[in-house]
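Visitor: Okay, so here is entry04.tsv, and as you'll see once you scroll down, it has TSV, C-alpha atoms.
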```tsv
chain	number	residue	atom	x	y	z
A	1	MET	CA	37.86	25.42	15.05
A	2	ILE	CA	34.58	23.56	15.40
A	3	LEU	CA	32.10	23.54	12.54
A	4	ARG	CA	28.63	22.14	12.43
A	5	ILE	CA	27.10	20.85	9.25
A	6	LEU	CA	23.38	21.05	9.85
A	7	GLY	CA	21.84	17.61	9.94
A	8	GLU	CA	25.22	15.90	10.16
A	9	GLY	CA	27.00	16.91	13.32
A	10	GLN	CA	30.14	18.72	14.40
A	11	PHE	CA	33.60	18.61	12.90
A	12	GLU	CA	36.88	19.90	14.23
A	13	VAL	CA	38.99	21.60	11.61
A	14	ALA	CA	42.63	22.54	12.15
A	15	ASP	CA	43.17	26.28	11.92
A	16	ASP	CA	45.60	25.97	9.01
A	17	ARG	CA	42.92	24.30	6.89
A	18	ILE	CA	40.39	27.07	7.34
A	19	ASP	CA	41.71	29.02	4.36
A	20	GLU	CA	40.68	26.22	2.01
A	21	LEU	CA	37.19	26.34	3.40
A	22	ASN	CA	37.16	30.10	3.10
A	23	ARG	CA	37.67	29.82	-0.64
A	24	LEU	CA	34.80	27.37	-0.86
A	25	ASP	CA	32.69	29.72	1.20
A	26	ASP	CA	33.47	32.56	-1.21
A	27	ALA	CA	32.05	30.46	-4.02
A	28	VAL	CA	28.85	29.92	-2.05
A	29	GLN	CA	28.63	33.63	-1.37
A	30	ALA	CA	29.17	34.40	-5.06
A	31	ALA	CA	26.37	32.03	-6.04
A	32	VAL	CA	24.02	33.67	-3.54
A	33	ASP	CA	24.94	37.11	-4.87
A	34	ALA	CA	24.42	35.95	-8.43
A	35	ASP	CA	21.13	34.32	-7.47
A	36	ASP	CA	22.29	31.17	-9.24
A	37	ALA	CA	20.59	28.16	-7.66
A	38	ASP	CA	22.61	25.57	-9.57
A	39	ALA	CA	25.93	27.18	-8.78
A	40	PHE	CA	24.79	27.50	-5.19
A	41	ALA	CA	23.98	23.80	-4.89
A	42	ARG	CA	27.36	22.88	-6.38
A	43	ALA	CA	29.32	25.33	-4.23
A	44	LEU	CA	27.52	24.25	-1.06
A	45	ALA	CA	28.14	20.58	-1.84
A	46	ARG	CA	31.85	21.34	-2.29
A	47	LEU	CA	31.97	23.26	0.97
A	48	VAL	CA	30.23	20.50	2.89
A	49	THR	CA	32.49	17.87	1.35
A	50	GLY	CA	35.46	20.09	2.17
A	51	VAL	CA	34.50	20.25	5.84
A	52	ARG	CA	34.00	16.49	5.99
A	53	THR	CA	37.35	15.94	4.31
A	54	VAL	CA	39.60	18.29	6.26
A	55	GLY	CA	37.66	17.97	9.49
A	56	ARG	CA	37.50	15.28	12.10
A	57	GLU	CA	34.01	14.37	13.18
A	58	LEU	CA	33.44	14.96	16.88
A	59	PRO	CA	31.94	12.15	18.95
A	60	GLU	CA	28.23	12.39	19.63
A	61	GLU	CA	28.89	12.80	23.33
A	62	HIS	CA	30.68	16.06	22.65
A	63	LEU	CA	28.66	18.91	24.05
A	64	GLY	CA	29.78	22.36	23.06
A	65	PRO	CA	29.04	25.19	20.67
A	66	SER	CA	30.43	25.47	17.15
A	67	ASP	CA	32.40	28.37	15.78
A	68	LEU	CA	30.62	28.08	12.48
A	69	VAL	CA	27.41	26.54	11.29
A	70	ILE	CA	27.04	25.38	7.71
A	71	PRO	CA	23.74	24.58	6.05
A	72	GLY	CA	23.24	20.97	5.09
A	73	PRO	CA	24.04	20.04	1.48
A	74	ASP	CA	20.37	19.92	0.53
A	75	ALA	CA	19.63	23.49	1.62
A	76	THR	CA	18.29	25.61	-1.20
A	77	LEU	CA	19.31	29.07	-2.24
A	78	GLU	CA	15.86	30.30	-1.32
A	79	GLU	CA	16.12	28.98	2.21
A	80	ILE	CA	19.51	30.57	2.75
A	81	ARG	CA	18.30	33.83	1.34
A	82	ASP	CA	15.30	33.82	3.66
A	83	GLU	CA	17.49	33.00	6.58
A	84	LEU	CA	20.02	35.71	5.87
A	85	ALA	CA	17.21	38.17	5.34
A	86	GLY	CA	16.10	37.36	8.86
A	87	GLY	CA	12.97	35.62	7.71
A	88	GLU	CA	11.62	32.30	8.81
A	89	GLY	CA	13.77	30.35	6.45
A	90	LEU	CA	16.20	27.63	7.21
A	91	ILE	CA	16.20	27.79	10.96
A	92	PRO	CA	12.91	27.90	12.77
A	93	ASP	CA	12.37	30.49	15.44
A	94	ARG	CA	11.83	28.95	18.80
A	95	PRO	CA	8.12	28.96	19.45
A	96	ASP	CA	8.51	30.17	23.01
A	97	SER	CA	10.71	33.18	22.28
A	98	SER	CA	8.56	36.20	21.90
A	99	ARG	CA	11.30	38.78	21.87
A	100	PRO	CA	14.14	38.89	19.42
A	101	THR	CA	17.58	39.32	20.86
A	102	ALA	CA	19.14	42.71	20.35
B	103	MET	CA	34.12	33.69	6.28
B	104	GLY	CA	31.54	36.09	5.04
B	105	LEU	CA	28.44	34.15	4.31
B	106	LEU	CA	29.11	31.41	6.81
B	107	ARG	CA	29.82	33.87	9.55
B	108	ARG	CA	26.52	35.61	8.99
B	109	PHE	CA	24.66	32.38	8.69
B	110	SER	CA	26.25	30.99	11.85
B	111	ASN	CA	25.50	34.12	13.84
B	112	ILE	CA	21.86	34.05	12.86
B	113	PHE	CA	21.61	30.38	13.63
B	114	ARG	CA	23.20	30.74	17.05
B	115	ALA	CA	21.20	33.81	17.95
B	116	LYS	CA	18.00	31.89	17.32
B	117	ALA	CA	19.17	28.78	19.08
B	118	ASN	CA	20.21	30.65	22.22
B	119	LYS	CA	17.36	33.08	22.37
B	120	ALA	CA	15.10	31.08	24.65
B	121	LEU	CA	17.45	30.97	27.60
B	122	ASP	CA	18.68	34.54	27.54
B	123	ARG	CA	16.35	35.69	30.23
B	124	VAL	CA	17.23	33.08	32.82
B	125	GLU	CA	19.21	34.56	35.72
B	126	ASP	CA	20.50	31.56	37.63
B	127	PRO	CA	22.58	29.33	35.37
B	128	ARG	CA	21.51	26.25	37.26
B	129	GLU	CA	17.93	27.11	36.59
B	130	ALA	CA	18.86	27.49	32.95
B	131	LEU	CA	20.14	23.93	32.99
B	132	ASP	CA	16.80	22.60	34.15
B	133	LEU	CA	14.89	24.75	31.74
B	134	SER	CA	17.07	23.66	28.87
B	135	TYR	CA	16.67	20.04	29.88
B	136	GLU	CA	12.90	20.39	29.78
B	137	ARG	CA	13.15	21.79	26.30
B	138	GLN	CA	15.33	18.90	25.27
B	139	LEU	CA	12.78	16.39	26.43
B	140	GLU	CA	10.07	18.28	24.57
B	141	MET	CA	12.24	18.27	21.48
B	142	LEU	CA	12.77	14.53	21.75
B	143	GLN	CA	9.01	14.07	21.89
B	144	LYS	CA	8.56	16.31	18.91
B	145	MET	CA	11.12	14.33	17.00
B	146	ARG	CA	9.41	11.06	17.70
B	147	ARG	CA	6.13	12.50	16.50
B	148	GLY	CA	7.92	13.82	13.44
B	149	VAL	CA	9.30	10.38	12.63
B	150	ALA	CA	5.84	8.85	13.08
B	151	ASP	CA	4.24	11.48	10.81
B	152	VAL	CA	6.72	10.87	8.06
B	153	ALA	CA	6.21	7.12	8.32
B	154	THR	CA	2.43	7.50	8.13
B	155	SER	CA	2.68	9.71	5.11
B	156	ARG	CA	5.06	7.28	3.45
B	157	LYS	CA	2.70	4.37	4.05
B	158	ARG	CA	-0.16	6.30	2.52
B	159	ILE	CA	1.87	6.86	-0.60
B	160	GLU	CA	2.74	3.17	-0.72
B	161	LEU	CA	-0.96	2.33	-0.56
B	162	GLN	CA	-1.79	4.72	-3.36
B	163	ALA	CA	0.98	3.31	-5.48
B	164	GLN	CA	-0.45	-0.16	-5.00
B	165	GLN	CA	-3.86	1.00	-6.13
B	166	LEU	CA	-2.42	2.67	-9.18
B	167	GLN	CA	-0.46	-0.46	-9.98
B	168	THR	CA	-3.63	-2.52	-9.85
B	169	SER	CA	-5.32	-0.09	-12.22
B	170	ALA	CA	-2.33	-0.18	-14.53
B	171	ALA	CA	-2.38	-3.98	-14.59
B	172	LYS	CA	-6.08	-3.91	-15.40
B	173	LEU	CA	-5.50	-1.54	-18.29
B	174	GLU	CA	-2.69	-3.73	-19.59
B	175	ASP	CA	-5.07	-6.65	-19.50
B	176	GLN	CA	-7.71	-4.68	-21.34
B	177	ALA	CA	-5.18	-3.71	-23.97
B	178	ARG	CA	-4.45	-7.40	-24.55
B	179	GLN	CA	-8.13	-8.21	-24.87
B	180	ALA	CA	-8.54	-5.37	-27.32
B	181	VAL	CA	-5.65	-6.57	-29.48
B	182	ALA	CA	-7.08	-10.07	-29.46
B	183	GLN	CA	-10.31	-8.61	-30.75
B	184	ASN	CA	-8.51	-6.57	-33.39
B	185	ARG	CA	-9.67	-3.41	-31.72
B	186	GLU	CA	-6.51	-1.39	-32.03
B	187	ASP	CA	-8.38	1.78	-31.12
B	188	LEU	CA	-9.37	0.38	-27.76
B	189	ALA	CA	-5.93	-1.05	-27.16
B	190	ARG	CA	-4.46	2.34	-27.87
B	191	GLU	CA	-6.84	3.98	-25.45
B	192	ALA	CA	-6.09	1.50	-22.70
B	193	LEU	CA	-2.37	1.92	-23.19
B	194	THR	CA	-2.66	5.70	-23.21
B	195	ARG	CA	-4.40	5.59	-19.89
B	196	ARG	CA	-1.84	3.21	-18.56
B	197	GLN	CA	0.86	5.64	-19.62
B	198	GLY	CA	-0.86	8.33	-17.59
B	199	LEU	CA	-0.86	6.09	-14.57
B	200	ALA	CA	2.79	5.31	-15.09
B	201	THR	CA	3.60	9.02	-14.91
B	202	GLU	CA	1.60	9.33	-11.73
B	203	LEU	CA	3.36	6.28	-10.30
B	204	ALA	CA	6.77	7.69	-11.09
B	205	SER	CA	5.90	10.85	-9.24
B	206	LEU	CA	4.67	8.86	-6.27
B	207	GLN	CA	7.88	6.90	-6.30
B	208	SER	CA	9.95	10.05	-6.12
B	209	GLN	CA	7.84	11.40	-3.28
B	210	HIS	CA	8.26	8.10	-1.54
B	211	ASP	CA	12.03	8.30	-1.90
B	212	GLN	CA	12.04	11.83	-0.53
B	213	LEU	CA	10.03	10.80	2.50
B	214	ARG	CA	12.30	7.84	3.09
B	215	ALA	CA	15.27	10.18	3.05
B	216	GLU	CA	13.59	12.57	5.50
B	217	GLU	CA	12.68	9.68	7.72
B	218	ALA	CA	16.24	8.39	7.77
B	219	LYS	CA	17.55	11.87	8.58
B	220	LEU	CA	15.10	12.28	11.42
B	221	VAL	CA	15.88	8.90	12.90
B	222	GLU	CA	19.57	9.73	12.73
B	223	ALA	CA	19.05	13.18	14.25
B	224	SER	CA	16.88	11.67	16.94
B	225	ARG	CA	19.60	9.24	17.89
B	226	ARG	CA	22.20	12.01	18.02
B	227	LEU	CA	19.98	14.22	20.12
B	228	GLU	CA	19.28	11.41	22.56
B	229	THR	CA	22.98	10.86	23.10
B	230	LYS	CA	23.51	14.57	23.66
B	231	VAL	CA	20.60	14.86	26.02
B	232	GLN	CA	22.05	12.06	28.10
B	233	THR	CA	25.43	13.75	28.17
B	234	PHE	CA	23.74	16.98	29.10
B	235	ARG	CA	21.82	15.41	31.94
B	236	THR	CA	24.97	13.97	33.46
B	237	ARG	CA	26.78	17.27	33.13
B	238	LYS	CA	23.83	19.15	34.54
B	239	GLU	CA	23.83	17.06	37.71
B	240	THR	CA	27.58	17.44	38.10
B	241	ILE	CA	27.39	21.20	37.73
B	242	LYS	CA	24.52	21.51	40.13
B	243	ALA	CA	26.18	19.34	42.75
B	244	ASN	CA	29.69	20.71	42.56
B	245	TYR	CA	29.59	24.37	41.75
B	246	THR	CA	28.27	27.58	43.16
B	247	ALA	CA	26.15	29.74	40.91
B	248	ALA	CA	29.10	31.89	39.95
B	249	GLU	CA	31.36	28.97	39.13
B	250	ALA	CA	28.63	27.23	37.25
B	251	GLN	CA	28.22	30.18	34.92
B	252	THR	CA	30.98	29.31	32.47
B	253	ARG	CA	30.36	25.59	32.50
B	254	VAL	CA	26.69	26.07	31.97
B	255	GLY	CA	27.29	28.41	29.08
B	256	GLU	CA	29.14	25.82	27.07
B	257	ALA	CA	26.80	22.96	27.80
B	258	ILE	CA	23.76	25.01	27.01
B	259	SER	CA	24.99	26.58	23.82
B	260	GLY	CA	26.15	23.17	22.67
B	261	ILE	CA	22.79	21.59	23.25
B	262	SER	CA	20.87	24.62	21.97
B	263	GLU	CA	22.74	24.38	18.74
B	264	GLU	CA	21.89	20.71	18.49
B	265	MET	CA	18.26	21.46	19.16
B	266	GLY	CA	18.23	24.21	16.58
B	267	ASP	CA	19.64	21.71	14.12
B	268	VAL	CA	17.17	19.02	15.07
B	269	GLY	CA	14.29	21.48	15.13
B	270	LEU	CA	15.18	22.41	11.61
B	271	ALA	CA	15.17	18.78	10.51
B	272	VAL	CA	11.76	18.31	12.09
B	273	GLN	CA	10.39	21.42	10.45
B	274	ARG	CA	11.63	20.41	7.03
B	275	ALA	CA	10.17	16.96	7.42
B	276	GLU	CA	6.85	18.42	8.53
B	277	ASP	CA	6.78	20.75	5.54
B	278	LYS	CA	7.43	17.85	3.24
B	279	VAL	CA	4.78	15.74	4.91
B	280	SER	CA	2.13	18.42	4.63
B	281	GLN	CA	2.97	19.02	0.97
B	282	MET	CA	2.63	15.34	0.29
B	283	GLN	CA	-0.51	14.97	2.29
B	284	ALA	CA	-2.12	17.66	0.20
B	285	ARG	CA	-1.08	15.83	-2.93
B	286	ALA	CA	-2.07	12.45	-1.57
B	287	GLY	CA	-5.46	13.83	-0.60
B	288	ALA	CA	-6.00	15.17	-4.10
B	289	LEU	CA	-4.99	11.83	-5.57
B	290	ASP	CA	-7.32	9.97	-3.22
B	291	GLU	CA	-10.17	12.14	-4.39
B	292	LEU	CA	-9.26	11.52	-8.00
B	293	MET	CA	-9.14	7.80	-7.43
B	294	ALA	CA	-12.42	7.81	-5.57
B	295	SER	CA	-14.10	9.65	-8.41
B	296	GLY	CA	-12.68	7.23	-10.95
B	297	ALA	CA	-11.07	10.14	-12.73
B	298	ILE	CA	-7.57	8.84	-12.34
B	299	GLU	CA	-8.44	5.98	-14.64
B	300	ASP	CA	-10.24	8.39	-16.85
B	301	LEU	CA	-7.13	9.84	-18.31
B	302	THR	CA	-8.50	10.16	-21.82
B	303	SER	CA	-11.73	11.65	-20.53
B	304	THR	CA	-13.88	8.62	-21.20
B	305	PRO	CA	-15.34	6.72	-18.30
B	306	GLU	CA	-13.38	3.65	-17.32
B	307	ASP	CA	-16.43	1.50	-17.82
B	308	ARG	CA	-16.79	2.42	-21.45
B	309	LEU	CA	-13.53	0.75	-22.37
B	310	GLN	CA	-14.53	-2.45	-20.64
B	311	ALA	CA	-18.04	-2.23	-22.10
B	312	GLU	CA	-16.68	-1.96	-25.61
B	313	LEU	CA	-14.35	-4.86	-25.02
B	314	ASP	CA	-17.18	-6.94	-23.65
B	315	ARG	CA	-19.28	-5.99	-26.61
B	316	GLY	CA	-16.41	-7.00	-28.89
B	317	ALA	CA	-16.10	-10.34	-27.16
B	318	ALA	CA	-19.85	-10.80	-27.30
B	319	THR	CA	-20.25	-10.08	-31.03
B	320	PRO	CA	-19.27	-13.52	-32.40
B	321	ALA	CA	-21.52	-15.23	-29.88
B	322	VAL	CA	-24.38	-12.90	-30.78
B	323	GLU	CA	-23.83	-13.50	-34.47
B	324	ALA	CA	-23.86	-17.25	-33.88
B	325	GLU	CA	-27.10	-16.98	-31.97
B	326	LEU	CA	-28.58	-14.89	-34.72
B	327	ALA	CA	-27.59	-17.47	-37.33
B	328	ARG	CA	-29.12	-20.23	-35.25
B	329	ILE	CA	-32.42	-18.42	-34.93
B	330	ARG	CA	-32.51	-17.59	-38.61
B	331	GLY	CA	-31.85	-21.26	-39.37
B	332	GLU	CA	-34.64	-22.36	-37.12
B	333	LEU	CA	-37.03	-19.97	-38.75
B	334	GLY	CA	-35.94	-21.23	-42.13
B	335	ALA	CA	-35.24	-17.66	-42.96
B	336	GLY	CA	-32.26	-18.51	-45.04
B	337	PRO	CA	-28.58	-17.81	-44.68
B	338	ALA	CA	-27.02	-15.84	-41.98
B	339	GLY	CA	-25.89	-13.46	-44.60
B	340	GLN	CA	-23.01	-11.22	-43.79
B	341	ARG	CA	-24.11	-7.71	-43.31
B	342	GLY	CA	-21.82	-6.54	-46.07
B	343	GLN	CA	-23.56	-8.71	-48.61
B	344	LEU	CA	-26.92	-7.09	-48.46
B	345	PRO	CA	-26.92	-6.10	-52.14
B	346	ALA	CA	-27.16	-9.81	-52.98
B	347	HIS	CA	-30.46	-9.77	-51.22
B	348	GLY	CA	-32.58	-8.69	-54.15
B	349	ALA	CA	-31.45	-11.49	-56.46
B	350	GLY	CA	-31.86	-14.69	-54.54
B	351	ASP	CA	-33.47	-13.92	-51.28
B	352	GLY	CA	-33.64	-16.94	-49.10
B	353	GLU	CA	-31.49	-19.64	-50.64
B	354	GLY	CA	-28.00	-20.09	-49.40
B	355	GLU	CA	-27.45	-22.69	-52.09
B	356	ASP	CA	-27.70	-19.99	-54.77
B	357	ARG	CA	-24.03	-19.40	-54.61
B	358	LYS	CA	-22.93	-22.74	-55.88
```
Can I see the file as structure tokens?
Guide:
Amino acid sequence: MILRILGEGQFEVADDRIDELNRLDDAVQAAVDADDADAFARALARLVTGVRTVGRELPEEHLGPSDLVIPGPDATLEEIRDELAGGEGLIPDRPDSSRPTA
Amino acid sequence: MGLLRRFSNIFRAKANKALDRVEDPREALDLSYERQLEMLQKMRRGVADVATSRKRIELQAQQLQTSAAKLEDQARQAVAQNREDLAREALTRRQGLATELASLQSQHDQLRAEEAKLVEASRRLETKVQTFRTRKETIKANYTAAEAQTRVGEAISGISEEMGDVGLAVQRAEDKVSQMQARAGALDELMASGAIEDLTSTPEDRLQAELDRGAATPAVEAELARIRGELGAGPAGQRGQLPAHGAGDGEGEDRK
């Protein structure tokens, strides 16, 4: 499985290590649900570290999509919330795309 | 993965949106490549903007440091003149500047971090764009439209993702720069008006004027004594000793 940490690059993670990351992801989700910015920052940092640890960084020449995209460790709860709400949060809309995809 | 899955889907949807309408995959390659070059340009501008903003903050910090040094100097003068009140005032102002400086320092650090991230992202994107260009030519030369379809899909979604990532880094840096420019502009105005040194709401000049006056007093007193002597007007009596005036006006020798 290929994961991208925004701002850092892509990592390949063996399928049998995904469960560990899933648990870390649950903690991030819980922090978002609880609207707890501190817990969010901690959980996200653990998740990002987790990906770096269990994953192997792909060479820069690698050109392919990722299965999962993870916000960078400095993303804030607010940004993620905006993004998940479909707002103009973490990831900018492309300026030239007038129509949203269905 | 609940949250990540959602996040990833949104991210990818946005990243891929621009090329959805292109029919011929080979055309999509060219279109994507154009976008990549635009993005590289944008990144370079982003890096330059951050650097400019950082330099402006450095300049402001220097100015504040000069002011702080001046206040320190004034505090010393004041202490030498036994004017604790003025020393206190100078040091209070200097404290205010120190707070401002600390905040500038942290902004500076943030900009440095953004700059480093952008430079790094820029380098990564350049490598990927090169890879993409090679692959694009191979696909165009060796495959029919139908065959190209799958190969193009991977190359394009890979690069789109990278551009989404990089675009995000640029946007964040730009946001930070515009926040800081607003702050820097406000600080510039404050400095221009002299108000930044006016942290205890007295004009900067007053402090120096009082110190100068303090330094001048002994010289003035000496002059006064000289003139009195010349006029034979008697002793340069201390102001506090005026009551003695009535008794023996005129003769300094009285006291013996």
Visitor: Counting only C-alpha atoms, which residues come within 7 Å of (24.2, 27.5, 10.8), with the point read in the file's coordinates, and could you list them as a list of chain:residue names?
Guide: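 Collected hits near the coordinates: A:Leu6, A:Leu68, A:Val69, A:Ile70, A:Pro71, B:Phe109, B:Ser110, B:Phe113.
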Visitor: Atom CA of Glu217 of chain B and atom CA of Leu133 of chain B are how many Å apart?
Guide: 28.4 Å
Visitor: Residues at most 9 Å from Arg235 of chain B, counting all atoms listed in the file, excluding those fewer than 5 positions away in the same chain, as a ChimeraX atom specification?
Guide: /B:131,135,230,240
Visitor: As an exercise, work out the distance from atom CA of Glu12 of chain A to atom CA of Ser262 of chain B in Å and give it to one decimal place.
Guide: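 Result for atom CA of Glu12 of chain A versus atom CA of Ser262 of chain B: 18.4 Å, one decimal.
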Visitor: Counting all atoms listed in the file, collect the residues of chain A whose closest atom lies at most 6 Å from chain B, and write them out as a PyMOL selection string.
Guide: chain A and resi 6+22+29+61+63-65+68-69+91+97
Visitor: Between B:Ser280, B:Gln176, B:Asn244, B:Ser169, single out the one closest to Arg128 of chain B, counting only C-alpha atoms.
Guide: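 Of all the options, B:Asn244 lies closest to Arg128 of chain B.
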Visitor: How far is it from atom CA of Ser208 of chain B to atom CA of Ile159 of chain B, in Å with one decimal?
Guide: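 About the pair atom CA of Ser208 of chain B and atom CA of Ile159 of chain B: they are 10.3 Å apart.
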Visitor: Using all atoms listed in the file, which of the listed residues (B:Gln162, B:Gln197, B:Ser205, B:Gln183) sits closest to Thr319 of chain B?
Guide: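 Answer, going by the shortest atom-to-atom distance: B:Gln183.
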Visitor: Between A:Ile5, A:Ala30, A:Val54, A:Leu47, which one has atoms that come closest to Gly72 of chain A, using all atoms listed in the file?
Guide: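 For Gly72 of chain A, the nearest of the given residues is A:Ile5.
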Visitor: Tell me which residues come within 7 Å of (19.9, 33.9, -1.3), as a ChimeraX atom specification, counting only C-alpha atoms in the file's coordinates.
Guide: /A:32-33,35,77-78,80-82
